[in-house]
Amino acid sequence: MSQPPPPPPNQPPQQGGFGPPQDQPPAAPQPPAAPQNPAPQPPAAPQGPAPQGPATPPAPQAPPSLQKGPQPGYGYPQQPPAPQGPQPPQPQPGYGYPQAPQPGYGFPQPPQPQAPQPPGYGYPGAQPNPYGQPTQPMGPYPQQPGHSYPGGPTAVMQTQPGGGRNNAALLIIVAAVVAIALIVGGGVWYAKSSGGDGKKDETASSSGGEDGTGGKDGATGGTPSGGTEKVPSDPASKVLFQVGMPQTKDTVVTSGSWLTNSVYAKSGVAEIVGYNPAAGTKMWTIKLPGPVCTASKHVTEDNKTAVVFQPKMPKKGSSEGCSQVAAIDLDKGTRLWTKTVKNGDYTANLQNVTVSQHTVAVGSSNGGAAFDIGTGKALWQPKPEDSCSDAGYGGGPKLVAVRKCGSYGERQLHIQTIDAVSGKVISDYKMAAGIEYAGIVSTDPLVVAADVGDSADDGSGISDYFSIDNKTGKLLTRISAPSDTYAGRCDSITRVEDCREVVAGNGRLYVPTEEHDGSGDYSKTNEIVVFDLATGKQTGQRAEAGDGYTLSPLRMDGGNLIAYKHPPYDQGGQVVTIGGPSFKATTLLENPSAESVRRAETTMLPEYAEILYGQGRLYMSAVYAHKSTYGKEYLLLAFGSKG
């Protein structure tokens with residue numbers, strides 16, 4: 001599905017300005033090495049002398065002059081290896097794409113492999129239908145016991161230094177892919193969900209998810225199917241503000257960005273900063289004792305969310321463990337409470353966090369726990385005698401657990417819709433034996449993705465999607481998505497809600513195709529296709545990116561799909577809304593084509609960077625901070641209308 005990052009250009013980028021003059025002479029950015037295997041790798045340690053300590057992210061800088069014609073450089077045509085004429089280069093991975101670091105400074109350490117666990121938790125022993133019958137619905141399972149509190153799991157959570165993810169056989173013991181899972185930190189545009197539970201508090205995020213109407217009071221502005229994002233008379237945009245990359249000794253996780261009606265908030269180095277969404281001025285700063293590990297991509301109706309972080313700043317090349325979970329009030333810019341989860345006498349190393357309704361749910365390799373987002377009151381935690389454990393949770397309008405039983409190689413997964421307050425299991429779908437990991441694409445409608453039989457050899461983690469009735473636990477349909485045909489990815493080994501570039505809503509699944517040759521020389525393009533979640537069949541709707549562009553679904557906006565168009569080498573990116581029977585794309589925003597701006601934008605690859613769109617503005621941010629050895633790099637970019 002997702003291809004490895006493109007190789008570095010034949011010629012290094014030339015000097016070019018984006019924003020105000022820099023403190024050091026700009027030079028060519030150093031792109032990370034292309035991965036040697038299909039699976040995405042953790043970021044590489046930046047080169048060059050390390051500073052004495054992490055720097056606080058600078059205040060928003062003045063937008064660059066887009067009238068200046070910079071010297072040709074990054075993003076201009078280059079000579080390909082074969083004598084075939086100039087070839088427009090693919091944008092190089094940058095601060096939106098992680099570079100493989102050594103573990104440390106915000107880099108979560110992998111948990112030790114667990115001992116085999118016998119199936120339990122009251123699950124029925126019947127095996128699901130064979131894979132040869134993907135569209136046959138599964139019958140509902142008897143109601144399962146709930147997750148009760150108090151009482152801690154008997155297993156002890158530990159961490160150890162580890163290497164990378166190399167092949168399927170080593171996945172369970174090479175959990176350094178925590179870093180990969182953290183690459184796709186959360187971000188959400190605040191709006192009301194069109195989920196079916198009547199709560200309607202969370203929305204679709206930059207990585208897909210539930211329906212969102214895009215705001216409380218936005219007019220349709222000519223959008224085709226009742227969406228609330230207005231279609232401007234002139235979609236041309238300008239840079240509203242940008243924040244430079246914090247300078248650090250090691251690579252530091254900066255996952256987490258959120259957009260409400262009044263603030264754009266972004267994680268930095270051991271802090272979360274709230275910015276004015278239009279001007280970029282700092283509205284508040286929440287200091288944390290250690291770096292962020294992971295963050296929820298959902299917010300409540302009253303603009304609260306949750307993050308997991310380290311208890312203190314680690315020494316270089318080390319980690320203090322991701323043991324702290326906190327609720328954040330995005331309106332007030334305050335940390336409401338901080339908690340830890342006990343595994344017996346030990347503090348758990350938390351791997352994922354989500355928000356559903358007014359519940360914060362955290363997961364680890366030995367189970368999860370839940371807290372009230374307003375008060376921090378413990379709501380539920382697995383019983384000590386449970387032989388199965390919750391690997392993690394998906395949030396939004398519903399709370400869904402991926403519950404695992406058995407050891408690696410003999411895994412049995414259950415997809416459970418849970419009452420967010422009591423932990424009671426509402427419905428249960430038992431996946432076929434042998435599926436090791438599952439990623440939650442959406443909780444309402446309930447769609448999960450899995451790599452069945454390790455057939456997704458591109459490291460995307462997806463070979464099939466499963467559409468499930470979250471009231472009964474019945475399988476509605478299974479959708480085959482071969483990795484050589486369809487894009488989208490789920491890094492769900494430790495973070496089960498970490499699916500990107502695929503969106504579910506309106507009873508449909510929106511999936512991008514893999515890139516393929518366009519009509520121009522050396523150009524690439526793709527499409528978004530639509531599947532019916534009841535039948536598993538394609539609807540016939542198809543949105544084309546256009547020559548040189550590639551489409552990535554972002555979220556729902558009422559009946560419309562919001563998507564980002566990654567640009568060719570000589571254009572700016574676009575945000576489009578797609579809807580109606582014709583599935584026609586209408587441009588909402590088109591970024592400047594000036595080389596300096598384009599160079600910065602194209603380093604924010606949709607597969608890895610956080611991309612949010614709302615209220616006519618586009619926000620792109622990095623999920624890692626690192627020492628910039630060459631040129632100017634950015635933690636975040638904001639684009640908006642010129643008007």
# chains A, B, ... in the order shown; residues from 1 in each chain; ligands from 1
>>> residues_around(residues="Ser523 in chain A", least_positions_apart="6", cutoff="7 Å", atoms="only C-alpha atoms", output="CSV table (one decimal) with all heavy atoms, in the first residue's frame")
chain,number,residue,atom,x,y,z
A,517,ASP,N,1.7,5.4,-12.7
A,517,ASP,CA,2.2,6.4,-13.6
A,517,ASP,C,1.1,7.3,-14.1
A,517,ASP,O,-0.1,6.8,-14.3
A,517,ASP,CB,2.8,5.7,-14.9
A,517,ASP,CG,4.1,5.0,-14.5
A,517,ASP,OD1,4.7,5.4,-13.5
A,517,ASP,OD2,4.5,4.1,-15.3
A,547,ASP,N,-3.0,14.5,-12.8
A,547,ASP,CA,-1.6,14.2,-13.1
A,547,ASP,C,-0.7,14.9,-12.2
A,547,ASP,O,-0.7,16.1,-12.0
A,547,ASP,CB,-1.3,14.6,-14.5
A,547,ASP,CG,-0.1,13.9,-15.1
A,547,ASP,OD1,0.0,12.7,-14.9
A,547,ASP,OD2,0.7,14.6,-15.7
A,548,GLY,N,0.2,14.1,-11.6
A,548,GLY,CA,1.2,14.7,-10.7
A,548,GLY,C,0.8,14.8,-9.2
A,548,GLY,O,1.7,15.0,-8.3
>>> residues_around(residues="range 528-543 of chain A", least_positions_apart="4", cutoff="8 Å", atoms="only C-alpha atoms", output="VMD selection string")
chain A and resid 135 467 476 to 479 507 to 513 551 to 553 578 581 to 585
>>> atom_distance(atom1="CA of Ser389 in chain A", atom2="CA of Tyr429 in chain A")
15.3 Å
>>> select_by_dssp(residues="range 450-509 of chain A", states="strand (DSSP E)", output="list of chain:residue names")
A:Ala450, A:Asp464, A:Tyr465, A:Phe466, A:Ser467, A:Ile468, A:Leu475, A:Leu476, A:Thr477, A:Arg478, A:Ile479, A:Ser480, A:Arg489, A:Cys490, A:Cys499, A:Arg500, A:Val503, A:Ala504, A:Gly505, A:Arg508, A:Leu509
>>> residues_around(residues="Leu336 in chain A", least_positions_apart="6", cutoff="8 Å", atoms="only C-alpha atoms", output="PDB file with N, CA, C and O atoms, in the first residue's frame")
ATOM      1  N   ALA A 326      -2.451  11.958  31.212  1.00  0.00           N
ATOM      2  CA  ALA A 326      -3.038  13.198  31.708  1.00  0.00           C
ATOM      3  C   ALA A 326      -4.158  13.656  30.798  1.00  0.00           C
ATOM      4  O   ALA A 326      -4.144  13.401  29.584  1.00  0.00           O
ATOM      5  N   ALA A 327      -5.136  14.348  31.392  1.00  0.00           N
ATOM      6  CA  ALA A 327      -6.197  14.999  30.634  1.00  0.00           C
ATOM      7  C   ALA A 327      -5.827  16.454  30.424  1.00  0.00           C
ATOM      8  O   ALA A 327      -5.287  17.110  31.323  1.00  0.00           O
ATOM      9  N   ILE A 328      -6.116  16.970  29.229  1.00  0.00           N
ATOM     10  CA  ILE A 328      -5.764  18.332  28.843  1.00  0.00           C
ATOM     11  C   ILE A 328      -7.030  19.104  28.495  1.00  0.00           C
ATOM     12  O   ILE A 328      -7.862  18.632  27.713  1.00  0.00           O
ATOM     13  N   ASP A 329      -7.184  20.295  29.073  1.00  0.00           N
ATOM     14  CA  ASP A 329      -8.278  21.191  28.729  1.00  0.00           C
ATOM     15  C   ASP A 329      -7.763  22.158  27.673  1.00  0.00           C
ATOM     16  O   ASP A 329      -6.942  23.031  27.958  1.00  0.00           O
ATOM     17  N   GLY A 374     -12.897  14.346  33.181  1.00  0.00           N
ATOM     18  CA  GLY A 374     -13.024  15.570  33.942  1.00  0.00           C
ATOM     19  C   GLY A 374     -12.406  15.515  35.319  1.00  0.00           C
ATOM     20  O   GLY A 374     -11.787  16.480  35.778  1.00  0.00           O
ATOM     21  N   THR A 375     -12.547  14.371  35.992  1.00  0.00           N
ATOM     22  CA  THR A 375     -12.117  14.260  37.387  1.00  0.00           C
ATOM     23  C   THR A 375     -10.892  13.385  37.594  1.00  0.00           C
ATOM     24  O   THR A 375     -10.244  13.468  38.636  1.00  0.00           O
ATOM     25  N   GLY A 376     -10.588  12.501  36.642  1.00  0.00           N
ATOM     26  CA  GLY A 376      -9.496  11.554  36.819  1.00  0.00           C
ATOM     27  C   GLY A 376      -9.890  10.328  37.615  1.00  0.00           C
ATOM     28  O   GLY A 376      -9.043   9.471  37.915  1.00  0.00           O
TER      29      GLY A 376
END
